[in-house]
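As stored in final38.cif (mmCIF, N, CA and C atoms):
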```cif
data_upload
loop_
_atom_site.label_atom_id
_atom_site.label_comp_id
_atom_site.auth_asym_id
_atom_site.auth_seq_id
_atom_site.Cartn_x
_atom_site.Cartn_y
_atom_site.Cartn_z
N GLU B 1 -24.18 2.76 -3.08
CA GLU B 1 -23.26 1.64 -3.18
C GLU B 1 -23.84 0.65 -4.18
N ASN B 2 -23.07 0.40 -5.25
CA ASN B 2 -23.53 -0.51 -6.29
C ASN B 2 -23.39 -1.97 -5.88
N SER B 3 -22.28 -2.32 -5.26
CA SER B 3 -22.01 -3.69 -4.86
C SER B 3 -21.26 -3.67 -3.53
N PRO B 4 -21.67 -4.52 -2.59
CA PRO B 4 -21.01 -4.50 -1.28
C PRO B 4 -19.68 -5.24 -1.24
N TRP B 5 -19.31 -5.99 -2.29
CA TRP B 5 -18.12 -6.83 -2.18
C TRP B 5 -16.85 -6.02 -1.94
N GLN B 6 -16.74 -4.83 -2.55
CA GLN B 6 -15.53 -4.03 -2.32
C GLN B 6 -15.42 -3.63 -0.85
N ARG B 7 -16.54 -3.29 -0.25
CA ARG B 7 -16.54 -2.89 1.16
C ARG B 7 -16.30 -4.09 2.06
N LEU B 8 -16.91 -5.23 1.75
CA LEU B 8 -16.79 -6.41 2.61
C LEU B 8 -15.45 -7.11 2.45
N LEU B 9 -14.76 -6.90 1.34
CA LEU B 9 -13.45 -7.48 1.13
C LEU B 9 -12.43 -6.99 2.16
N VAL B 10 -12.72 -5.85 2.77
CA VAL B 10 -11.77 -5.28 3.72
C VAL B 10 -11.58 -6.17 4.95
N PHE B 11 -12.57 -6.93 5.33
CA PHE B 11 -12.47 -7.68 6.57
C PHE B 11 -11.41 -8.79 6.53
N PRO B 12 -11.35 -9.66 5.51
CA PRO B 12 -10.24 -10.62 5.50
C PRO B 12 -8.89 -9.93 5.27
N LEU B 13 -8.86 -8.91 4.43
CA LEU B 13 -7.61 -8.19 4.19
C LEU B 13 -7.13 -7.48 5.45
N LEU B 14 -8.06 -6.92 6.21
CA LEU B 14 -7.72 -6.22 7.43
C LEU B 14 -7.03 -7.16 8.42
N THR B 15 -7.48 -8.39 8.47
CA THR B 15 -6.87 -9.38 9.36
C THR B 15 -5.39 -9.60 9.00
N VAL B 16 -5.12 -9.77 7.72
CA VAL B 16 -3.75 -10.01 7.26
C VAL B 16 -2.89 -8.77 7.49
N ILE B 17 -3.41 -7.60 7.14
CA ILE B 17 -2.65 -6.35 7.28
C ILE B 17 -2.35 -6.06 8.75
N VAL B 18 -3.32 -6.26 9.62
CA VAL B 18 -3.10 -6.01 11.05
C VAL B 18 -2.03 -6.96 11.59
N ALA B 19 -2.05 -8.21 11.14
CA ALA B 19 -1.02 -9.16 11.58
C ALA B 19 0.36 -8.71 11.12
N ALA B 20 0.48 -8.28 9.85
CA ALA B 20 1.77 -7.82 9.33
C ALA B 20 2.24 -6.55 10.03
N LEU B 21 1.32 -5.62 10.25
CA LEU B 21 1.69 -4.38 10.93
C LEU B 21 2.06 -4.64 12.39
N SER B 22 1.38 -5.58 13.01
CA SER B 22 1.72 -5.93 14.40
C SER B 22 3.11 -6.52 14.48
N LEU B 23 3.45 -7.40 13.52
CA LEU B 23 4.79 -7.96 13.49
C LEU B 23 5.82 -6.85 13.31
N ALA B 24 5.54 -5.92 12.40
CA ALA B 24 6.47 -4.81 12.15
C ALA B 24 6.63 -3.94 13.39
N ARG B 25 5.57 -3.78 14.14
CA ARG B 25 5.61 -2.93 15.33
C ARG B 25 6.28 -3.64 16.51
N LEU B 26 5.90 -4.91 16.73
CA LEU B 26 6.36 -5.62 17.92
C LEU B 26 7.74 -6.26 17.75
N ASN B 27 8.07 -6.69 16.53
CA ASN B 27 9.34 -7.36 16.32
C ASN B 27 9.91 -7.00 14.94
N PRO B 28 10.39 -5.77 14.79
CA PRO B 28 10.90 -5.36 13.47
C PRO B 28 12.08 -6.19 13.00
N ASP B 29 12.91 -6.68 13.93
CA ASP B 29 14.05 -7.51 13.53
C ASP B 29 13.60 -8.78 12.82
N LEU B 30 12.54 -9.42 13.33
CA LEU B 30 12.00 -10.61 12.68
C LEU B 30 11.42 -10.24 11.31
N ALA B 31 10.73 -9.13 11.22
CA ALA B 31 10.18 -8.68 9.93
C ALA B 31 11.30 -8.49 8.91
N PHE B 32 12.41 -7.90 9.32
CA PHE B 32 13.53 -7.71 8.41
C PHE B 32 14.15 -9.05 7.99
N ARG B 33 14.21 -10.01 8.93
CA ARG B 33 14.77 -11.31 8.60
C ARG B 33 13.88 -12.07 7.62
N LEU B 34 12.57 -11.86 7.71
CA LEU B 34 11.63 -12.54 6.82
C LEU B 34 11.57 -11.91 5.43
N ALA B 35 12.01 -10.66 5.31
CA ALA B 35 11.95 -9.95 4.03
C ALA B 35 12.96 -10.56 3.06
N TYR B 36 12.48 -10.84 1.86
CA TYR B 36 13.34 -11.45 0.85
C TYR B 36 12.80 -11.06 -0.52
N CYS B 37 13.66 -10.63 -1.41
CA CYS B 37 13.25 -10.27 -2.76
C CYS B 37 14.00 -11.17 -3.75
N PRO B 38 13.35 -12.21 -4.25
CA PRO B 38 14.02 -13.11 -5.18
C PRO B 38 14.46 -12.41 -6.47
N LEU B 39 13.68 -11.44 -6.94
CA LEU B 39 14.05 -10.73 -8.16
C LEU B 39 15.37 -9.98 -7.98
N ARG B 40 15.47 -9.22 -6.91
CA ARG B 40 16.69 -8.45 -6.67
C ARG B 40 17.88 -9.34 -6.35
N ASP B 41 17.63 -10.42 -5.61
CA ASP B 41 18.73 -11.31 -5.25
C ASP B 41 19.27 -12.10 -6.45
N THR B 42 18.42 -12.41 -7.43
CA THR B 42 18.89 -13.18 -8.58
C THR B 42 19.33 -12.31 -9.75
N THR B 43 18.68 -11.17 -9.95
CA THR B 43 19.00 -10.35 -11.13
C THR B 43 19.64 -9.01 -10.78
N GLY B 44 19.50 -8.59 -9.53
CA GLY B 44 19.99 -7.27 -9.14
C GLY B 44 19.00 -6.16 -9.43
N ILE B 45 17.84 -6.53 -10.02
CA ILE B 45 16.80 -5.54 -10.34
C ILE B 45 15.81 -5.49 -9.18
N PRO B 46 15.60 -4.32 -8.59
CA PRO B 46 14.63 -4.24 -7.49
C PRO B 46 13.20 -4.35 -8.01
N CYS B 47 12.36 -4.98 -7.22
CA CYS B 47 10.94 -5.05 -7.58
C CYS B 47 10.24 -3.79 -7.07
N LEU B 48 8.97 -3.66 -7.40
CA LEU B 48 8.22 -2.48 -6.97
C LEU B 48 8.07 -2.38 -5.46
N THR B 49 8.19 -3.49 -4.77
CA THR B 49 8.01 -3.46 -3.31
C THR B 49 9.31 -3.58 -2.54
N CYS B 50 10.46 -3.53 -3.22
CA CYS B 50 11.73 -3.55 -2.49
C CYS B 50 11.77 -2.36 -1.53
N GLY B 51 12.14 -2.61 -0.31
CA GLY B 51 12.14 -1.57 0.71
C GLY B 51 10.81 -1.48 1.44
N GLY B 52 9.86 -2.35 1.05
CA GLY B 52 8.53 -2.32 1.66
C GLY B 52 8.54 -2.63 3.14
N THR B 53 9.37 -3.57 3.56
CA THR B 53 9.44 -3.90 4.98
C THR B 53 9.95 -2.71 5.78
N HIS B 54 10.98 -2.05 5.28
CA HIS B 54 11.49 -0.85 5.95
C HIS B 54 10.40 0.23 5.99
N SER B 55 9.64 0.34 4.90
CA SER B 55 8.57 1.33 4.84
C SER B 55 7.50 1.05 5.90
N ILE B 56 7.10 -0.21 6.02
CA ILE B 56 6.07 -0.58 6.99
C ILE B 56 6.56 -0.37 8.42
N VAL B 57 7.78 -0.79 8.69
CA VAL B 57 8.34 -0.61 10.04
C VAL B 57 8.42 0.89 10.37
N SER B 58 8.87 1.69 9.42
CA SER B 58 8.95 3.13 9.66
C SER B 58 7.56 3.73 9.92
N LEU B 59 6.56 3.30 9.15
CA LEU B 59 5.20 3.78 9.39
C LEU B 59 4.73 3.41 10.79
N MET B 60 5.01 2.18 11.20
CA MET B 60 4.56 1.72 12.51
C MET B 60 5.29 2.44 13.64
N GLN B 61 6.44 3.01 13.34
CA GLN B 61 7.18 3.78 14.34
C GLN B 61 6.88 5.27 14.22
N GLY B 62 5.93 5.63 13.34
CA GLY B 62 5.52 7.02 13.20
C GLY B 62 6.47 7.89 12.39
N ARG B 63 7.32 7.28 11.59
CA ARG B 63 8.28 8.04 10.79
C ARG B 63 7.82 8.03 9.33
N LEU B 64 6.90 8.92 9.00
CA LEU B 64 6.29 8.96 7.68
C LEU B 64 7.31 9.24 6.58
N LEU B 65 8.18 10.20 6.78
CA LEU B 65 9.15 10.54 5.74
C LEU B 65 10.12 9.38 5.47
N ASP B 66 10.53 8.69 6.51
CA ASP B 66 11.39 7.52 6.32
C ASP B 66 10.64 6.41 5.57
N ALA B 67 9.36 6.26 5.88
CA ALA B 67 8.54 5.26 5.19
C ALA B 67 8.42 5.60 3.70
N LEU B 68 8.19 6.86 3.40
CA LEU B 68 8.09 7.28 2.00
C LEU B 68 9.42 7.13 1.28
N ALA B 69 10.52 7.38 1.96
CA ALA B 69 11.83 7.23 1.35
C ALA B 69 12.16 5.76 1.09
N ALA B 70 11.73 4.88 1.97
CA ALA B 70 12.01 3.45 1.82
C ALA B 70 11.25 2.87 0.64
N ASN B 71 9.97 3.17 0.51
CA ASN B 71 9.18 2.75 -0.64
C ASN B 71 7.87 3.53 -0.64
N PRO B 72 7.76 4.54 -1.50
CA PRO B 72 6.56 5.38 -1.52
C PRO B 72 5.29 4.59 -1.87
N LEU B 73 5.42 3.60 -2.74
CA LEU B 73 4.25 2.82 -3.16
C LEU B 73 3.66 2.05 -1.98
N VAL B 74 4.51 1.40 -1.21
CA VAL B 74 4.04 0.64 -0.05
C VAL B 74 3.48 1.57 1.02
N ALA B 75 4.19 2.67 1.29
CA ALA B 75 3.72 3.61 2.31
C ALA B 75 2.35 4.19 1.95
N MET B 76 2.20 4.63 0.70
CA MET B 76 0.92 5.20 0.28
C MET B 76 -0.16 4.12 0.21
N GLY B 77 0.25 2.90 -0.14
CA GLY B 77 -0.71 1.79 -0.16
C GLY B 77 -1.26 1.48 1.22
N ILE B 78 -0.38 1.48 2.22
CA ILE B 78 -0.82 1.21 3.60
C ILE B 78 -1.73 2.34 4.09
N ILE B 79 -1.34 3.57 3.80
CA ILE B 79 -2.17 4.71 4.20
C ILE B 79 -3.52 4.67 3.50
N GLY B 80 -3.51 4.39 2.20
CA GLY B 80 -4.77 4.28 1.45
C GLY B 80 -5.63 3.14 1.95
N PHE B 81 -5.00 2.01 2.25
CA PHE B 81 -5.75 0.88 2.79
C PHE B 81 -6.39 1.25 4.12
N GLY B 82 -5.65 1.98 4.95
CA GLY B 82 -6.20 2.42 6.24
C GLY B 82 -7.44 3.29 6.06
N ALA B 83 -7.39 4.20 5.10
CA ALA B 83 -8.55 5.06 4.83
C ALA B 83 -9.73 4.21 4.32
N TRP B 84 -9.44 3.27 3.42
CA TRP B 84 -10.49 2.40 2.89
C TRP B 84 -11.08 1.54 4.00
N ALA B 85 -10.24 1.01 4.89
CA ALA B 85 -10.72 0.18 5.99
C ALA B 85 -11.62 0.98 6.92
N CYS B 86 -11.25 2.22 7.20
CA CYS B 86 -12.10 3.07 8.05
C CYS B 86 -13.46 3.29 7.41
N TYR B 87 -13.46 3.59 6.10
CA TYR B 87 -14.73 3.77 5.39
C TYR B 87 -15.54 2.48 5.43
N ALA B 88 -14.91 1.34 5.14
CA ALA B 88 -15.64 0.07 5.07
C ALA B 88 -16.26 -0.29 6.41
N LEU B 89 -15.51 -0.09 7.48
CA LEU B 89 -16.07 -0.37 8.81
C LEU B 89 -17.23 0.55 9.13
N LEU B 90 -17.07 1.83 8.84
CA LEU B 90 -18.14 2.81 9.07
C LEU B 90 -19.37 2.48 8.24
N ALA B 91 -19.17 2.19 6.96
CA ALA B 91 -20.29 1.93 6.06
C ALA B 91 -20.98 0.60 6.38
N THR B 92 -20.26 -0.34 6.93
CA THR B 92 -20.87 -1.62 7.29
C THR B 92 -21.80 -1.46 8.49
N PHE B 93 -21.35 -0.70 9.47
CA PHE B 93 -22.14 -0.57 10.69
C PHE B 93 -23.11 0.60 10.66
N ILE B 94 -22.90 1.56 9.76
CA ILE B 94 -23.83 2.69 9.60
C ILE B 94 -24.19 2.76 8.11
N PRO B 95 -25.20 1.99 7.69
CA PRO B 95 -25.52 1.91 6.26
C PRO B 95 -25.78 3.25 5.59
N GLY B 96 -26.23 4.23 6.31
CA GLY B 96 -26.48 5.55 5.72
C GLY B 96 -25.21 6.23 5.23
N GLN B 97 -24.05 5.73 5.63
CA GLN B 97 -22.77 6.32 5.22
C GLN B 97 -22.20 5.70 3.94
N ARG B 98 -22.91 4.75 3.36
CA ARG B 98 -22.40 4.08 2.15
C ARG B 98 -22.45 5.04 0.96
N ARG B 99 -21.36 5.05 0.21
CA ARG B 99 -21.25 5.95 -0.95
C ARG B 99 -20.66 5.17 -2.12
N SER B 100 -20.91 5.68 -3.31
CA SER B 100 -20.29 5.15 -4.52
C SER B 100 -19.60 6.30 -5.22
N LEU B 101 -18.40 6.06 -5.69
CA LEU B 101 -17.69 7.08 -6.45
C LEU B 101 -17.99 6.87 -7.93
N GLU B 102 -18.35 7.93 -8.59
CA GLU B 102 -18.59 7.89 -10.03
C GLU B 102 -17.63 8.86 -10.68
N PHE B 103 -16.88 8.37 -11.68
CA PHE B 103 -15.92 9.21 -12.39
C PHE B 103 -16.30 9.26 -13.86
N SER B 104 -16.09 10.41 -14.46
CA SER B 104 -16.31 10.55 -15.90
C SER B 104 -15.15 9.86 -16.63
N ALA B 105 -15.31 9.67 -17.93
CA ALA B 105 -14.25 9.02 -18.72
C ALA B 105 -12.93 9.80 -18.65
N PRO B 106 -12.92 11.14 -18.77
CA PRO B 106 -11.65 11.85 -18.64
C PRO B 106 -11.03 11.73 -17.23
N GLU B 107 -11.87 11.70 -16.21
CA GLU B 107 -11.36 11.53 -14.85
C GLU B 107 -10.73 10.14 -14.68
N LYS B 108 -11.37 9.12 -15.25
CA LYS B 108 -10.81 7.76 -15.18
C LYS B 108 -9.46 7.69 -15.88
N ARG B 109 -9.36 8.32 -17.06
CA ARG B 109 -8.08 8.34 -17.78
C ARG B 109 -7.02 9.06 -16.96
N ALA B 110 -7.38 10.17 -16.35
CA ALA B 110 -6.42 10.93 -15.54
C ALA B 110 -5.96 10.11 -14.34
N ILE B 111 -6.87 9.41 -13.70
CA ILE B 111 -6.52 8.56 -12.55
C ILE B 111 -5.59 7.43 -12.99
N ARG B 112 -5.91 6.78 -14.12
CA ARG B 112 -5.05 5.71 -14.63
C ARG B 112 -3.66 6.24 -14.98
N PHE B 113 -3.62 7.42 -15.63
CA PHE B 113 -2.34 8.02 -16.02
C PHE B 113 -1.51 8.35 -14.78
N LEU B 114 -2.12 9.01 -13.80
CA LEU B 114 -1.38 9.39 -12.59
C LEU B 114 -0.93 8.16 -11.79
N THR B 115 -1.76 7.13 -11.75
CA THR B 115 -1.39 5.90 -11.06
C THR B 115 -0.20 5.24 -11.74
N THR B 116 -0.26 5.15 -13.07
CA THR B 116 0.86 4.58 -13.83
C THR B 116 2.13 5.39 -13.63
N LEU B 117 2.00 6.71 -13.67
CA LEU B 117 3.15 7.59 -13.46
C LEU B 117 3.74 7.38 -12.06
N PHE B 118 2.90 7.26 -11.05
CA PHE B 118 3.36 7.04 -9.68
C PHE B 118 4.09 5.71 -9.56
N ILE B 119 3.54 4.66 -10.18
CA ILE B 119 4.18 3.35 -10.13
C ILE B 119 5.53 3.38 -10.83
N LEU B 120 5.60 4.00 -12.00
CA LEU B 120 6.88 4.10 -12.72
C LEU B 120 7.89 4.95 -11.95
N ALA B 121 7.41 6.03 -11.34
CA ALA B 121 8.32 6.88 -10.54
C ALA B 121 8.84 6.11 -9.33
N THR B 122 7.99 5.30 -8.72
CA THR B 122 8.43 4.49 -7.58
C THR B 122 9.49 3.49 -8.02
N TRP B 123 9.27 2.85 -9.17
CA TRP B 123 10.25 1.88 -9.64
C TRP B 123 11.56 2.57 -9.99
N ALA B 124 11.48 3.75 -10.60
CA ALA B 124 12.70 4.51 -10.90
C ALA B 124 13.43 4.85 -9.60
N TRP B 125 12.67 5.22 -8.57
CA TRP B 125 13.26 5.52 -7.26
C TRP B 125 13.96 4.28 -6.71
N GLU B 126 13.34 3.11 -6.86
CA GLU B 126 13.95 1.87 -6.37
C GLU B 126 15.24 1.57 -7.13
N PHE B 127 15.24 1.75 -8.43
CA PHE B 127 16.47 1.55 -9.21
C PHE B 127 17.56 2.49 -8.74
N TRP B 128 17.21 3.74 -8.52
CA TRP B 128 18.21 4.73 -8.08
C TRP B 128 18.73 4.39 -6.69
N ARG B 129 17.82 4.00 -5.80
CA ARG B 129 18.18 3.70 -4.42
C ARG B 129 19.08 2.46 -4.30
N PHE B 130 18.81 1.46 -5.14
CA PHE B 130 19.56 0.19 -5.05
C PHE B 130 20.64 0.10 -6.12
N ARG B 131 21.00 1.23 -6.71
CA ARG B 131 22.04 1.19 -7.76
C ARG B 131 23.37 0.76 -7.13
N GLY B 132 24.17 0.21 -7.95
CA GLY B 132 25.47 -0.13 -7.40
C GLY B 132 25.94 -1.39 -7.89
#
```

Written as C-alpha cells, that's how I'd like the structure from this file.
Amino acid sequence: ENSPWQRLLVFPLLTVIVAALSLARLNPDLAFRLAYCPLRDTTGIPCLTCGGTHSIVSLMQGRLLDALAANPLVAMGIIGFGAWACYALLATFIPGQRRSLEFSAPEKRAIRFLTTLFILATWAWEFWRFRG
C-alpha cells in the first residue's frame, strides 16, 4: 500500500452511502420524492445519473437486473463501492491484507478506454430510455 488515504476515505463515504441505501430500503417512496434532475427538467437531456434512485432502490430490493436497467453506471458504482468498502475495512483491521494495484501503461490506457466507453454507453442508454 503506497498511501492509506484511498483506503481511509471509505469511512466517511461509507456513512453517507449507508444512509442513502437505508433510505432507499426503508422508505423508497421518500427517496423517489427527493430525486430531482435539474438538467433533464430544464433541457430534456438526461444526466449520467438519471434513473439512479430507481437503480439504488432496485438494488436494495435485490433486483439486480432492474437496477442495471434503471442506470448501469449507478448500479455498478454501488457494487464497486461495496467491494472497495469490504477491502478497506479488511485492510484497516488486518494490515497484512493491504495491497497495491500496479498497472502497466497499456493496461492503464485500456482501463481508461473501457471506462470512457462504459460511461458513454450509459449516457446513450439514458438518452434512449428517456426519449420522447

Can you measure atom CA of B:Ala67 to atom CA of B:Ala19 for me? One decimal in Å is fine.
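Computing the Euclidean distance for atom CA of B:Ala67 and atom CA of B:Ala19 yields 18.4 Å.
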
In chain B, DSSP alpha helix (DSSP H) residues written as JSON, numbers by chain
{"B": [5, 6, 7, 8, 10, 11, 12, 13, 14, 15, 16, 17, 18, 19, 20, 21, 22, 23, 24, 25, 26, 28, 29, 30, 31, 32, 33, 34, 38, 39, 40, 41, 42, 43, 52, 53, 54, 55, 56, 57, 58, 59, 60, 64, 65, 66, 67, 68, 69, 70, 72, 73, 74, 75, 76, 77, 78, 79, 80, 81, 82, 83, 84, 85, 86, 87, 88, 89, 90, 91, 92, 93, 105, 106, 107, 108, 109, 110, 111, 112, 113, 114, 115, 116, 117, 118, 119, 120, 121, 122, 123, 124, 125, 126, 127, 128, 129]}

In the coordinates of the file, take the point (-18.8, -0.2, 2.3) and a cut-off of 5 Å; then, counting all atoms listed in the file, name each qualifying protein, DNA or RNA residue as an mmCIF file with N, CA and C atoms, in the coordinates of the input.
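This is the output file point_23.cif:
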```cif
data_model
loop_
_atom_site.group_PDB
_atom_site.id
_atom_site.type_symbol
_atom_site.label_atom_id
_atom_site.label_comp_id
_atom_site.auth_asym_id
_atom_site.auth_seq_id
_atom_site.Cartn_x
_atom_site.Cartn_y
_atom_site.Cartn_z
ATOM 1 N N ARG B 7 -16.540 -3.290 -0.250
ATOM 2 C CA ARG B 7 -16.540 -2.890 1.160
ATOM 3 C C ARG B 7 -16.300 -4.090 2.060
ATOM 4 N N ALA B 88 -14.910 1.340 5.140
ATOM 5 C CA ALA B 88 -15.640 0.070 5.070
ATOM 6 C C ALA B 88 -16.260 -0.290 6.410
ATOM 7 N N ALA B 91 -19.170 2.190 6.960
ATOM 8 C CA ALA B 91 -20.290 1.930 6.060
ATOM 9 C C ALA B 91 -20.980 0.600 6.380
ATOM 10 N N THR B 92 -20.260 -0.340 6.930
ATOM 11 C CA THR B 92 -20.870 -1.620 7.290
ATOM 12 C C THR B 92 -21.800 -1.460 8.490
#
```

Given all atoms listed in the file, how would the per-residue table for stretch 83-127 of chain B near stretch 75-79 of chain B read, listing every residue at most 8 Å away with its closest atom pair and distance in Å to one decimal, sorted by chain and number, as a Markdown table?
```
| residue | atom | partner | partner_atom | distance |
| --- | --- | --- | --- | --- |
| B:Ala83 | N | B:Ile79 | C | 4.2 |
| B:Trp84 | N | B:Ile79 | C | 6.1 |
| B:Ala85 | N | B:Ile79 | C | 7.8 |
```

Output the residue selection produced by the PyMOL selection byres ((chain B and resi 52) around 8) on the file above, formatted as a list in words.
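Written out, the selection comes to Leu48, Thr49, Cys50, Gly51, Thr53, His54, Ser55, Ile56, Val57, Ser58, Ala70, Asn71, Pro72, Leu73, Val74 and Ala75 of chain B.
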
Counting only N, CA and C atoms, which of B:Leu34, B:Leu89, B:Cys47, B:Leu114 gets nearest to B:Val10?
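Answer, going by the shortest atom-to-atom distance: B:Leu89.
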
Distance in Å - atom CA of B:Arg25 versus atom CA of B:Met60:
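Taking atom CA of B:Arg25 as the start and atom CA of B:Met60 as the end point, the length is 5.5 Å.
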
For the atom pair atom CA of B:Leu68 and atom CA of B:Thr122, what is the interatomic distance in Å to one decimal place?
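Taking atom CA of B:Leu68 as the start and atom CA of B:Thr122 as the end point, the length is 10.0 Å.
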
With distances taken over only C-alpha atoms, the candidate from B:Phe93, B:Trp5, B:Trp125, B:Phe130 nearest B:Ala69 is B:Trp125

Atoms are missing here; could stretch 47-55 of chain B be completed with all heavy atoms and written as a compact mmCIF listing (two decimals), in the coordinates of the input?
```txt
# COMPACT_ATOMS: atom_id res chain seq x y z
N CYS B 47 12.36 -4.98 -7.22
CA CYS B 47 10.94 -5.05 -7.58
C CYS B 47 10.24 -3.79 -7.07
O CYS B 47 10.84 -2.96 -6.39
CB CYS B 47 10.30 -6.30 -7.00
SG CYS B 47 10.08 -6.29 -5.21
N LEU B 48 8.97 -3.66 -7.40
CA LEU B 48 8.22 -2.48 -6.97
C LEU B 48 8.07 -2.38 -5.46
O LEU B 48 7.82 -1.31 -4.93
CB LEU B 48 6.83 -2.48 -7.60
CG LEU B 48 6.76 -1.99 -9.03
CD1 LEU B 48 5.38 -2.24 -9.59
CD2 LEU B 48 7.12 -0.53 -9.10
N THR B 49 8.19 -3.49 -4.77
CA THR B 49 8.01 -3.46 -3.31
C THR B 49 9.31 -3.58 -2.54
O THR B 49 9.27 -3.73 -1.31
CB THR B 49 7.02 -4.55 -2.86
OG1 THR B 49 7.55 -5.82 -3.22
CG2 THR B 49 5.65 -4.34 -3.46
N CYS B 50 10.46 -3.53 -3.22
CA CYS B 50 11.73 -3.55 -2.49
C CYS B 50 11.77 -2.36 -1.53
O CYS B 50 11.42 -1.24 -1.90
CB CYS B 50 12.92 -3.47 -3.45
SG CYS B 50 13.41 -5.08 -4.09
N GLY B 51 12.14 -2.61 -0.31
CA GLY B 51 12.14 -1.57 0.71
C GLY B 51 10.81 -1.48 1.44
O GLY B 51 10.63 -0.66 2.33
N GLY B 52 9.86 -2.35 1.05
CA GLY B 52 8.53 -2.32 1.66
C GLY B 52 8.54 -2.63 3.14
O GLY B 52 7.79 -2.03 3.91
N THR B 53 9.37 -3.57 3.56
CA THR B 53 9.44 -3.90 4.98
C THR B 53 9.95 -2.71 5.78
O THR B 53 9.39 -2.38 6.83
CB THR B 53 10.35 -5.13 5.21
OG1 THR B 53 9.84 -6.22 4.45
CG2 THR B 53 10.40 -5.51 6.67
N HIS B 54 10.98 -2.05 5.28
CA HIS B 54 11.49 -0.85 5.95
C HIS B 54 10.40 0.23 5.99
O HIS B 54 10.26 0.94 6.98
CB HIS B 54 12.73 -0.31 5.24
CG HIS B 54 13.94 -1.14 5.48
ND1 HIS B 54 14.73 -1.00 6.59
CD2 HIS B 54 14.50 -2.13 4.75
CE1 HIS B 54 15.72 -1.87 6.54
NE2 HIS B 54 15.59 -2.58 5.42
N SER B 55 9.64 0.34 4.90
CA SER B 55 8.57 1.33 4.84
C SER B 55 7.50 1.05 5.90
O SER B 55 7.07 1.95 6.62
CB SER B 55 7.95 1.32 3.44
OG SER B 55 6.96 2.30 3.34
```
